[in-house]
Structures are given as structure tokens and as C-alpha cells.
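Source file: data-v9.cif (mmCIF, C-alpha atoms (C1' of nucleotides))
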```
data_upload
loop_
_atom_site.label_atom_id
_atom_site.label_comp_id
_atom_site.auth_asym_id
_atom_site.auth_seq_id
_atom_site.Cartn_x
_atom_site.Cartn_y
_atom_site.Cartn_z
CA MET A 1 187.53 -182.05 36.09
CA ARG A 2 189.93 -179.20 35.40
CA ASN A 3 191.74 -178.09 38.47
CA ASP A 4 193.95 -175.20 37.44
CA LYS A 5 192.08 -172.81 39.70
CA PRO A 6 191.31 -174.77 42.84
CA LEU A 7 191.64 -171.65 44.97
CA SER A 8 188.06 -170.60 44.48
CA MET A 9 186.37 -167.64 46.09
CA PRO A 10 187.45 -167.89 49.72
CA GLU A 11 185.86 -164.52 50.36
CA GLY A 12 182.47 -165.37 48.98
CA GLY A 13 182.46 -168.99 49.99
CA CYS A 14 184.27 -168.86 53.31
CA THR A 15 181.82 -169.12 56.17
CA CYS A 16 184.33 -167.55 58.50
CA PHE A 17 184.96 -164.59 56.24
CA GLN A 18 181.24 -163.98 55.83
CA ILE A 19 180.51 -164.07 59.52
CA ARG A 20 183.47 -161.90 60.47
CA ARG A 21 182.53 -159.36 57.84
CA ALA A 22 178.99 -159.30 59.19
CA ALA A 23 180.27 -158.89 62.72
CA ARG A 24 182.38 -155.90 61.69
CA LYS A 25 179.47 -154.27 59.92
CA VAL A 26 176.96 -154.78 62.72
CA THR A 27 179.46 -153.84 65.41
CA ALA A 28 180.10 -150.54 63.67
CA ILE A 29 176.39 -149.69 63.83
CA TYR A 30 176.08 -150.51 67.53
CA ASP A 31 179.33 -148.80 68.45
CA ARG A 32 178.29 -145.66 66.61
CA HIS A 33 175.10 -145.43 68.66
CA LEU A 34 176.67 -146.42 71.97
CA ALA A 35 179.47 -143.90 71.56
CA ASP A 36 176.85 -141.36 72.63
CA VAL A 37 177.05 -142.75 76.15
CA GLY A 38 180.73 -143.62 76.00
CA LEU A 39 180.41 -147.38 75.67
CA THR A 40 181.37 -150.00 73.14
CA VAL A 41 178.92 -152.74 72.34
CA THR A 42 181.11 -155.24 74.19
CA GLN A 43 181.10 -153.06 77.27
CA TRP A 44 177.37 -152.59 77.01
CA GLY A 45 176.91 -156.34 76.87
CA LEU A 46 179.09 -156.90 79.91
CA LEU A 47 177.25 -154.27 81.94
CA ALA A 48 173.73 -155.15 80.89
CA ASN A 49 174.13 -158.87 81.47
CA LEU A 50 175.64 -158.34 84.88
CA ALA A 51 172.68 -156.25 85.98
CA GLY A 52 170.53 -158.14 88.43
CA LYS A 53 173.07 -160.91 88.88
CA PRO A 54 174.66 -161.66 92.23
CA PRO A 55 178.44 -161.14 92.45
CA THR A 56 179.76 -163.39 89.71
CA PRO A 57 183.27 -164.84 89.45
CA ILE A 58 185.30 -164.01 86.35
CA GLY A 59 185.34 -167.53 84.99
CA ALA A 60 181.62 -168.08 85.42
CA TYR A 61 180.80 -164.78 83.76
CA ALA A 62 183.13 -165.54 80.86
CA GLU A 63 181.18 -168.73 80.28
CA VAL A 64 177.87 -166.91 80.41
CA MET A 65 179.13 -164.42 77.85
CA ALA A 66 180.66 -167.16 75.70
CA MET A 67 183.91 -165.25 75.87
CA ASP A 68 187.44 -166.37 76.63
CA ARG A 69 188.27 -165.87 80.30
CA THR A 70 191.41 -163.89 79.55
CA THR A 71 189.52 -161.71 77.10
CA LEU A 72 187.00 -160.93 79.80
CA THR A 73 189.79 -160.07 82.23
CA ARG A 74 190.90 -157.38 79.82
CA ASN A 75 187.49 -156.24 78.68
CA ILE A 76 186.42 -155.34 82.19
CA LYS A 77 189.47 -153.15 82.71
CA PRO A 78 187.96 -149.92 81.35
CA LEU A 79 184.74 -150.68 83.23
CA LEU A 80 186.60 -151.11 86.51
CA ALA A 81 188.65 -148.01 85.79
CA THR A 82 185.53 -145.90 85.27
CA GLY A 83 183.87 -147.41 88.33
CA LEU A 84 180.98 -149.04 86.51
CA MET A 85 181.74 -152.42 88.03
CA THR A 86 183.91 -153.72 90.84
CA LEU A 87 185.81 -156.85 91.70
CA SER A 88 185.12 -157.99 95.24
CA PRO A 89 186.73 -160.97 96.96
CA GLY A 90 184.72 -164.16 96.64
CA PRO A 91 184.19 -166.94 99.16
CA ASP A 92 187.46 -168.32 97.96
CA ARG A 93 190.72 -166.44 98.19
CA ARG A 94 191.31 -167.39 94.54
CA THR A 95 188.00 -166.06 93.37
CA ARG A 96 187.11 -162.48 92.53
CA ALA A 97 183.49 -161.65 91.90
CA LEU A 98 182.13 -159.03 89.51
CA THR A 99 179.34 -156.67 90.56
CA LEU A 100 177.74 -153.62 89.04
CA THR A 101 178.21 -150.42 91.00
CA ALA A 102 175.46 -147.84 91.41
CA GLU A 103 177.11 -145.90 88.58
CA GLY A 104 177.08 -149.08 86.52
CA LYS A 105 173.36 -149.56 87.07
CA ALA A 106 172.74 -145.94 86.19
CA MET A 107 174.77 -146.39 83.03
CA VAL A 108 172.75 -149.43 82.02
CA ARG A 109 169.52 -147.43 82.43
CA ARG A 110 170.99 -144.55 80.48
CA ALA A 111 172.43 -146.69 77.68
CA TYR A 112 169.39 -148.87 77.23
CA PRO A 113 167.54 -146.56 74.81
CA THR A 114 170.74 -146.08 72.87
CA TRP A 115 171.15 -149.81 72.50
CA ARG A 116 167.53 -150.08 71.45
CA ALA A 117 168.14 -147.45 68.79
CA ALA A 118 170.99 -149.49 67.34
CA GLU A 119 168.90 -152.62 67.48
CA MET A 120 166.11 -150.82 65.67
CA GLU A 121 168.43 -149.45 63.01
CA VAL A 122 169.52 -152.96 62.11
CA ARG A 123 165.99 -154.27 62.37
CA GLU A 124 164.69 -151.60 60.02
CA ALA A 125 167.48 -152.10 57.51
CA LEU A 126 166.85 -155.83 57.43
CA GLY A 127 163.09 -155.86 57.78
CA THR A 128 161.20 -158.12 60.15
CA LYS A 129 161.60 -161.25 58.06
CA ALA A 130 165.37 -161.03 57.55
CA THR A 131 165.88 -160.03 61.18
CA THR A 132 164.05 -163.09 62.40
CA ALA A 133 165.88 -165.27 59.90
CA LEU A 134 169.23 -163.91 61.05
CA HIS A 135 168.48 -164.46 64.72
CA ASP A 136 167.09 -167.94 64.18
CA THR A 137 169.91 -169.00 61.90
CA LEU A 138 172.57 -167.77 64.26
CA ARG A 139 170.94 -169.37 67.28
CA THR A 140 170.53 -172.70 65.50
CA SER A 141 174.06 -172.63 64.11
CA MET A 142 175.63 -171.82 67.44
CA ALA A 143 173.70 -174.59 69.16
CA LEU A 144 174.99 -177.05 66.57
CA LEU A 145 178.58 -175.82 66.88
CA ASP A 146 178.48 -175.82 70.67
CA ALA A 147 177.34 -179.43 70.58
CA VAL A 148 180.66 -180.40 68.96
CA MET B 149 152.26 -153.53 79.75
CA ARG B 150 154.47 -153.88 82.80
CA ASN B 151 157.83 -152.32 82.36
CA ASP B 152 159.72 -152.92 85.58
CA LYS B 153 162.39 -154.91 83.80
CA PRO B 154 162.99 -153.10 80.54
CA LEU B 155 166.60 -154.29 80.44
CA SER B 156 165.71 -157.58 78.89
CA MET B 157 168.18 -160.18 77.75
CA PRO B 158 170.65 -158.16 75.73
CA GLU B 159 172.74 -161.28 75.30
CA GLY B 160 170.01 -163.41 73.83
CA GLY B 161 168.20 -160.66 72.02
CA CYS B 162 171.08 -158.49 70.86
CA THR B 163 171.80 -159.07 67.20
CA CYS B 164 175.28 -157.71 67.67
CA PHE B 165 176.07 -159.98 70.57
CA GLN B 166 174.82 -163.01 68.68
CA ILE B 167 176.83 -162.29 65.60
CA ARG B 168 180.01 -161.47 67.49
CA ARG B 169 179.69 -164.62 69.53
CA ALA B 170 179.25 -166.63 66.34
CA ALA B 171 182.26 -164.94 64.81
CA ARG B 172 184.40 -165.86 67.81
CA LYS B 173 183.28 -169.45 67.69
CA VAL B 174 183.78 -169.93 63.97
CA THR B 175 187.07 -168.04 63.96
CA ALA B 176 188.42 -170.39 66.63
CA ILE B 177 187.70 -173.40 64.41
CA TYR B 178 189.38 -171.91 61.35
CA ASP B 179 192.35 -170.59 63.31
CA ARG B 180 192.89 -173.98 64.92
CA HIS B 181 193.15 -175.61 61.49
CA LEU B 182 195.19 -172.87 59.87
CA ALA B 183 197.67 -172.81 62.74
CA ASP B 184 199.08 -175.96 61.09
CA VAL B 185 200.47 -173.79 58.31
CA GLY B 186 201.17 -170.77 60.50
CA LEU B 187 198.31 -168.56 59.35
CA THR B 188 195.29 -166.94 60.94
CA VAL B 189 192.02 -166.99 59.07
CA THR B 190 192.34 -163.27 58.41
CA GLN B 191 195.77 -163.77 56.90
CA TRP B 192 194.54 -166.69 54.83
CA GLY B 193 191.74 -164.53 53.48
CA LEU B 194 194.10 -161.73 52.57
CA LEU B 195 196.48 -164.10 50.78
CA ALA B 196 193.91 -166.19 48.99
CA ASN B 197 191.93 -163.25 47.69
CA LEU B 198 195.01 -161.53 46.41
CA ALA B 199 196.01 -164.59 44.39
CA GLY B 200 195.49 -163.99 40.69
CA LYS B 201 194.86 -160.28 41.15
CA PRO B 202 197.09 -157.66 39.56
CA PRO B 203 199.00 -155.40 41.97
CA THR B 204 196.23 -153.86 44.07
CA PRO B 205 196.41 -150.60 46.04
CA ILE B 206 195.75 -150.77 49.79
CA GLY B 207 192.54 -148.80 49.67
CA ALA B 208 191.06 -150.80 46.81
CA TYR B 209 191.89 -154.07 48.48
CA ALA B 210 190.43 -152.91 51.78
CA GLU B 211 187.18 -152.25 49.94
CA VAL B 212 187.23 -155.67 48.30
CA MET B 213 187.75 -157.30 51.68
CA ALA B 214 185.13 -155.08 53.33
CA MET B 215 187.74 -154.13 55.87
CA ASP B 216 188.78 -150.78 57.24
CA ARG B 217 191.76 -149.42 55.35
CA THR B 218 193.79 -148.85 58.48
CA THR B 219 193.00 -152.35 59.70
CA LEU B 220 194.30 -153.73 56.42
CA THR B 221 197.48 -151.67 56.75
CA ARG B 222 198.16 -153.48 60.01
CA ASN B 223 196.93 -156.90 58.99
CA ILE B 224 199.37 -157.12 56.12
CA LYS B 225 202.34 -156.38 58.37
CA PRO B 226 203.06 -159.99 59.38
CA LEU B 227 202.53 -161.06 55.75
CA LEU B 228 205.01 -158.51 54.51
CA ALA B 229 207.42 -159.43 57.28
CA THR B 230 207.36 -163.10 56.33
CA GLY B 231 207.66 -162.25 52.64
CA LEU B 232 204.31 -163.68 51.58
CA MET B 233 203.28 -160.41 49.93
CA THR B 234 205.00 -157.22 48.90
CA LEU B 235 204.16 -153.55 48.54
CA SER B 236 205.37 -152.13 45.27
CA PRO B 237 205.06 -148.49 44.21
CA GLY B 238 201.94 -147.79 42.18
CA PRO B 239 201.45 -145.50 39.20
CA ASP B 240 200.97 -142.73 41.70
CA ARG B 241 203.60 -141.78 44.20
CA ARG B 242 200.87 -141.88 46.86
CA THR B 243 199.79 -145.38 45.95
CA ARG B 244 201.37 -148.64 47.06
CA ALA B 245 200.20 -151.83 45.44
CA LEU B 246 199.94 -155.24 47.06
CA THR B 247 201.13 -158.38 45.28
CA LEU B 248 201.63 -162.00 46.29
CA THR B 249 205.21 -163.21 46.20
CA ALA B 250 206.17 -166.67 44.97
CA GLU B 251 206.29 -167.74 48.62
CA GLY B 252 202.83 -166.27 49.06
CA LYS B 253 201.46 -168.27 46.14
CA ALA B 254 203.10 -171.40 47.49
CA MET B 255 201.54 -170.72 50.88
CA VAL B 256 198.10 -170.35 49.34
CA ARG B 257 198.49 -173.70 47.61
CA ARG B 258 199.73 -175.27 50.80
CA ALA B 259 197.06 -173.77 53.04
CA TYR B 260 194.15 -174.47 50.73
CA PRO B 261 193.48 -178.03 51.97
CA THR B 262 193.76 -176.78 55.53
CA TRP B 263 191.17 -174.12 54.90
CA ARG B 264 188.95 -176.71 53.24
CA ALA B 265 189.26 -178.89 56.33
CA ALA B 266 188.04 -176.06 58.53
CA GLU B 267 185.22 -175.32 56.13
CA MET B 268 184.25 -178.97 56.17
CA GLU B 269 184.32 -179.15 59.95
CA VAL B 270 181.82 -176.34 60.18
CA ARG B 271 179.77 -177.76 57.36
CA GLU B 272 179.57 -181.15 59.01
CA ALA B 273 178.68 -179.72 62.39
CA LEU B 274 175.87 -177.67 60.88
CA GLY B 275 174.67 -180.04 58.23
CA THR B 276 173.94 -179.06 54.64
CA LYS B 277 170.68 -177.33 55.38
CA ALA B 278 171.90 -175.12 58.23
CA THR B 279 175.09 -174.31 56.33
CA THR B 280 173.14 -173.11 53.34
CA ALA B 281 170.76 -171.19 55.58
CA LEU B 282 173.67 -169.50 57.35
CA HIS B 283 175.37 -168.48 54.12
CA ASP B 284 172.19 -167.24 52.52
CA THR B 285 171.04 -165.34 55.59
CA LEU B 286 174.39 -163.64 56.03
CA ARG B 287 174.63 -162.74 52.36
CA THR B 288 171.12 -161.33 52.30
CA SER B 289 171.58 -159.44 55.56
CA MET B 290 174.85 -157.90 54.49
CA ALA B 291 173.37 -156.79 51.19
CA LEU B 292 170.54 -155.08 53.06
CA LEU B 293 172.90 -153.40 55.51
CA ASP B 294 175.29 -152.27 52.77
CA ALA B 295 172.40 -150.65 51.00
CA VAL B 296 171.97 -148.27 53.96
"C1'" DA C 297 202.53 -120.20 39.40
"C1'" DA C 298 199.92 -120.09 43.89
"C1'" DC C 299 196.58 -121.82 46.63
"C1'" DA C 300 192.94 -124.65 47.99
"C1'" DC C 301 190.89 -129.16 47.61
"C1'" DT C 302 190.92 -134.04 47.22
"C1'" DA C 303 192.95 -138.60 47.43
"C1'" DA C 304 196.11 -142.44 49.31
"C1'" DA C 305 198.22 -144.09 52.96
"C1'" DG C 306 200.28 -144.27 57.70
"C1'" DT C 307 200.22 -143.43 63.08
"C1'" DG C 308 198.48 -142.84 67.81
"C1'" DC C 309 195.33 -144.50 70.79
"C1'" DA C 310 192.08 -147.61 72.70
"C1'" DT C 311 189.70 -151.76 72.66
"C1'" DA C 312 188.89 -156.91 71.41
"C1'" DT C 313 190.63 -161.62 70.92
"C1'" DG C 314 192.86 -165.87 72.47
"C1'" DC C 315 196.93 -169.14 73.20
"C1'" DA C 316 200.73 -170.34 76.22
"C1'" DC C 317 202.39 -169.77 80.40
"C1'" DC C 318 202.64 -168.34 85.28
"C1'" DT C 319 200.95 -167.76 90.32
"C1'" DA C 320 198.19 -168.60 94.16
"C1'" DT C 321 194.92 -171.30 96.47
"C1'" DT C 322 192.12 -175.14 97.52
"C1'" DA C 323 190.74 -180.04 97.42
"C1'" DG C 324 191.86 -184.69 97.85
"C1'" DC C 325 194.37 -188.62 99.03
"C1'" DG C 326 197.80 -191.46 101.13
"C1'" DC D 327 200.18 -183.81 107.74
"C1'" DG D 328 202.28 -183.36 103.34
"C1'" DC D 329 202.31 -184.05 98.57
"C1'" DT D 330 199.72 -183.78 94.31
"C1'" DA D 331 195.52 -182.49 91.40
"C1'" DA D 332 192.70 -179.38 90.10
"C1'" DT D 333 190.87 -174.56 90.06
"C1'" DA D 334 190.68 -169.41 89.63
"C1'" DG D 335 192.83 -165.96 87.84
"C1'" DG D 336 196.42 -162.89 85.66
"C1'" DT D 337 200.38 -161.73 82.07
"C1'" DG D 338 203.13 -161.78 77.80
"C1'" DC D 339 202.75 -161.88 73.21
"C1'" DA D 340 200.66 -161.44 68.82
"C1'" DT D 341 196.93 -160.29 66.04
"C1'" DA D 342 192.36 -157.78 64.81
"C1'" DT D 343 189.53 -153.59 64.78
"C1'" DG D 344 188.50 -148.78 63.76
"C1'" DC D 345 188.29 -143.58 64.78
"C1'" DA D 346 190.81 -139.26 64.67
"C1'" DC D 347 194.61 -137.21 62.99
"C1'" DT D 348 198.75 -136.47 60.09
"C1'" DT D 349 201.59 -136.69 55.90
"C1'" DT D 350 202.33 -136.74 51.23
"C1'" DA D 351 201.03 -136.23 46.58
"C1'" DG D 352 198.11 -135.18 42.77
"C1'" DT D 353 194.14 -131.87 40.85
"C1'" DG D 354 191.94 -127.96 39.70
"C1'" DT D 355 190.94 -123.08 39.65
"C1'" DT D 356 192.08 -118.56 39.06
#
```

As a first step, turn the structure in this file into C-alpha cells.
Amino acid sequence: MRNDKPLSMPEGGCTCFQIRRAARKVTAIYDRHLADVGLTVTQWGLLANLAGKPPTPIGAYAEVMAMDRTTLTRNIKPLLATGLMTLSPGPDRRTRALTLTAEGKAMVRRAYPTWRAAEMEVREALGTKATTALHDTLRTSMALLDAV
Amino acid sequence: MRNDKPLSMPEGGCTCFQIRRAARKVTAIYDRHLADVGLTVTQWGLLANLAGKPPTPIGAYAEVMAMDRTTLTRNIKPLLATGLMTLSPGPDRRTRALTLTAEGKAMVRRAYPTWRAAEMEVREALGTKATTALHDTLRTSMALLDAV
DNA sequence: AACACTAAAGTGCATATGCACCTATTAGCG
DNA sequence: CGCTAATAGGTGCATATGCACTTTAGTGTT
């Protein structure tokens, strides 16, 4: 086997590159839609998933969102600043629990159709079959990686 | 159809959330391996894909890497600072062309096995079938989204 | 040549990401 | 009770991301 060019196609063959590229592309679509209501897709996710939950500590919510705890700490900053969620003291003096405010709930209701529009744009671009394949593949892959 | 709870599972059902979560997870694996040689996966990608290319202008390279031009401008900063690549003047006084330095080429050779190790870790966690499915699905999906 | 238009790249701002490290508090154990 | 472990959370630093805007340089038209 010749081996002069062992540095083959990291961009085409690198799983990480592929998935990051896809994340950038898809994020751009969602962010473009959600900009109409002044949210990023990350912020939308944090708000929408908190809706209906009881006051949730930072660490627990980070786990739910599969996000680093310190990343969550920073990601909620603009949401706290705009009054869409609040940090209330937990049972523990260490703990601080996240809750949606009334404004936050209103925002979730307002942003929902916008999120749906983004979701539909992707769904229409991909078609039903590719959309299902993408969801299934990602879900399966993540389950396998989480198991490690 | 009842519609009292229209705000259904954005985290499970949101394509964007799924793909960003996957990107975080996979990035962590690659970054953990590549930290051994002092690179992030983004930096590895930028170095490895520049190897063998003639001096490439910023904008052109951003397009190759499917990355925003201004993001590339910033991502190359640590690579320029550590002397792994250089910006030389292009044919045009507006243009600045990227090239790997000798140190950069050496780094690519050195980091290659490390990258392979990360790739293999993911591949082994997923198995051959899921790995192929992930690659194919992402490639297909991106082609469909780029077409829009 | 003068002026408008386009192209290449950088900056300001804001967010997203995560490791290493720090602080405060609680739980547990002798 | 007092010391130690573990737990919850925040900060510093560095990178990653991209939109809006600016700067500089080439292009083209009259």
C-alpha cells in the first residue's frame, strides 16, 4: 500500500466535521426564523423545555438539556436579563431553581409558530423520508454514544 | 384534535436541538483526543484541509469549509499565532492567502493518528452500520439543504 | 479622469461552548 | 461537635459562531 498521502479527506470523512457543519446550517435556519421574536434557537429550547416544569435547579436542567452546566449558566443570562425566566432560591441554600415567568410563558406561546415554521422549512427541504431518517439516525447515534 | 398542549417536546422533536446536541457530544470526543497535540477539532480541520492546497484566500477557504467567512477569520487566529499557518498577500491587494507552514505540516502529520483515534472511538461506539447511516444521512441532508 | 458599484477582508457585538478552578453549603462520620 | 466528602453553582479563559457594519481595493461606465 502506498502511503504518501495518508492525510485523506478529513472534511468529507470526518464525522465531527460533518455533524458540526450540519449543526451550523440547521442552526442558521432556525435562528433566522426565531429572530422575528428576538430569540435564538438555544434560548427557544431553554424556554420551551422549562414550560410546565416545576422550579428546576441549574444542574438538573443542564442534564435534561444535555448541556454543560457552565454553558447553561451563561445561556440563561439573556433570558434572566429580559425577565423571561427567574432564579429562585431552592430548598437548599446552594441550589437555585429556574422558573418561567409570565412573560416567559407568553414568549413561548408567541414563538411556537415561529419555531414550527423553521421546523417545517427544514422538513420541506429534506422531504418526509430524509427528515425521518435524520431524526432516527441522530437519536440512535446519540443513544449509542451516551451508553459509552 | 385536542390542542391544549401545543408546545410539545421541542427537545425531542426539534431537529435543530437534536443536531446541536449531537454536535456537542461528538465534538467533546474529538477535542478530548486532539487535546493531546494541543488542537481543537476545528483547528485540526482547518490545518488538515489546507494541507496540499495552494495558497488559498480567506473567502474561498471559508466556502470550502462551509464556514462563515468572519468565523474563519477568527478561527485562524490561534493557528497564525502559533505559526502553523501564514497569511501571505495574494495577487490582489485586497486578498490574503492562507498557507500551511512547515510547522503546520508537521503538526498535521503528528495529529493525524490522534484524529484517527477519535474517529475510531466514535466508529466503535456506533458500530459500522450506524456509522455509515450517520454519514450517509448527514451527507444527503446537507445536500438537500444546500440546494435551497 | 470621476464616480458608482462590486469584491475581499476585518471589527464590534452578542451568543454558545466547555475545561479548570474557585466558593459556599450540606452530608456524613468519627 | 468538628473535620472531611461530596454537591451546587459561578468565574476566568479560550475558542466557536454569525450578523451588521466598516475599510480598502479593484471594475466598469460615461

- Message: On this structure, the PyMOL selection byres ((chain C and resi 324) around 12) would catch which residues? List them as a PyMOL selection string, sorted by chain and number.
- Response: (chain C and resi 322-323+325-326) or (chain D and resi 328-332)

- What residues come out when you apply the PyMOL selection byres ((chain B) within 7 of (chain A)) to this file, written as an NGL selection string? :B and (155 or 158-159 or 163-164 or 166-171 or 174-175 or 193 or 196-197 or 214 or 260 or 273-274 or 278 or 281-283 or 285-286 or 289-290 or 292-293 or 296)

- Query: region 315-320 of chain C: which residues within 12 Å, counting all atoms listed in the file, same-chain residues fewer than 6 positions away excluded, as a VMD selection string?
  - Reply: (chain A and resid 68 to 71 92 to 95) or (chain B and resid 176 179 to 180 183) or (chain D and resid 333 to 341)

- Message: When you look at Thr101 (chain A) with a cut-off of 12 Å (counting all atoms listed in the file), what residues show up, excluding the ones that are within fewer than 6 positions of it in the same chain? I need them as a list in words.
- Response: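 Here the qualifying residues turn out to be Leu47, Leu50, Ala51, Gly52, Lys53, Pro54, Pro55, Leu79, Leu80, Ala81, Thr82, Gly83, Leu84, Met85, Thr86, Leu87, Ser88, Met107 and Val108 of chain A.
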
- To one decimal place, how far is CA of Val185 (chain B) from CA of Thr262 (chain B) in Å? 7.9 Å

- Within 12 Å of DC309 (chain C) using only C-alpha atoms (C1' of nucleotides), minus same-chain residues under 6 positions, as a ChimeraX atom specification: /D:344-347

- Target residues per the PyMOL selection byres ((chain C) within 9 of (chain A)), formatted as a ChimeraX atom specification: /C:311-314,320-322

- Message: Show me, as a ChimeraX atom specification, every residue of chain D with an atom at most 9 Å from chain B, counting only C-alpha atoms (C1' of nucleotides).
- Response: /D:341-344,350-352

- Query: For the atom pair CA of Ala97 (chain A) and CA of Ile76 (chain A), what is the interatomic distance in Å to one decimal place?
  - Reply: 11.9 Å

- Query: What does the distance between CA of Thr221 (chain B) and C1' of DT302 (chain C) come to in Å, to one decimal place?
  - Reply: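 Taking CA of Thr221 (chain B) as the start and C1' of DT302 (chain C) as the end point, the length is 21.1 Å.
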
Using the file's own x, y and z axes, what box holds all listed atoms of region 196-200 of chain B with 5 Å on each side, keeping edges along x, y and z, and what are its centre and edge lengths in Å to one decimal, as lines of an AutoDock Vina configuration file?
```
center_x = 194.0
center_y = -163.9
center_z = 44.8
size_x = 14.1
size_y = 14.7
size_z = 18.3
```
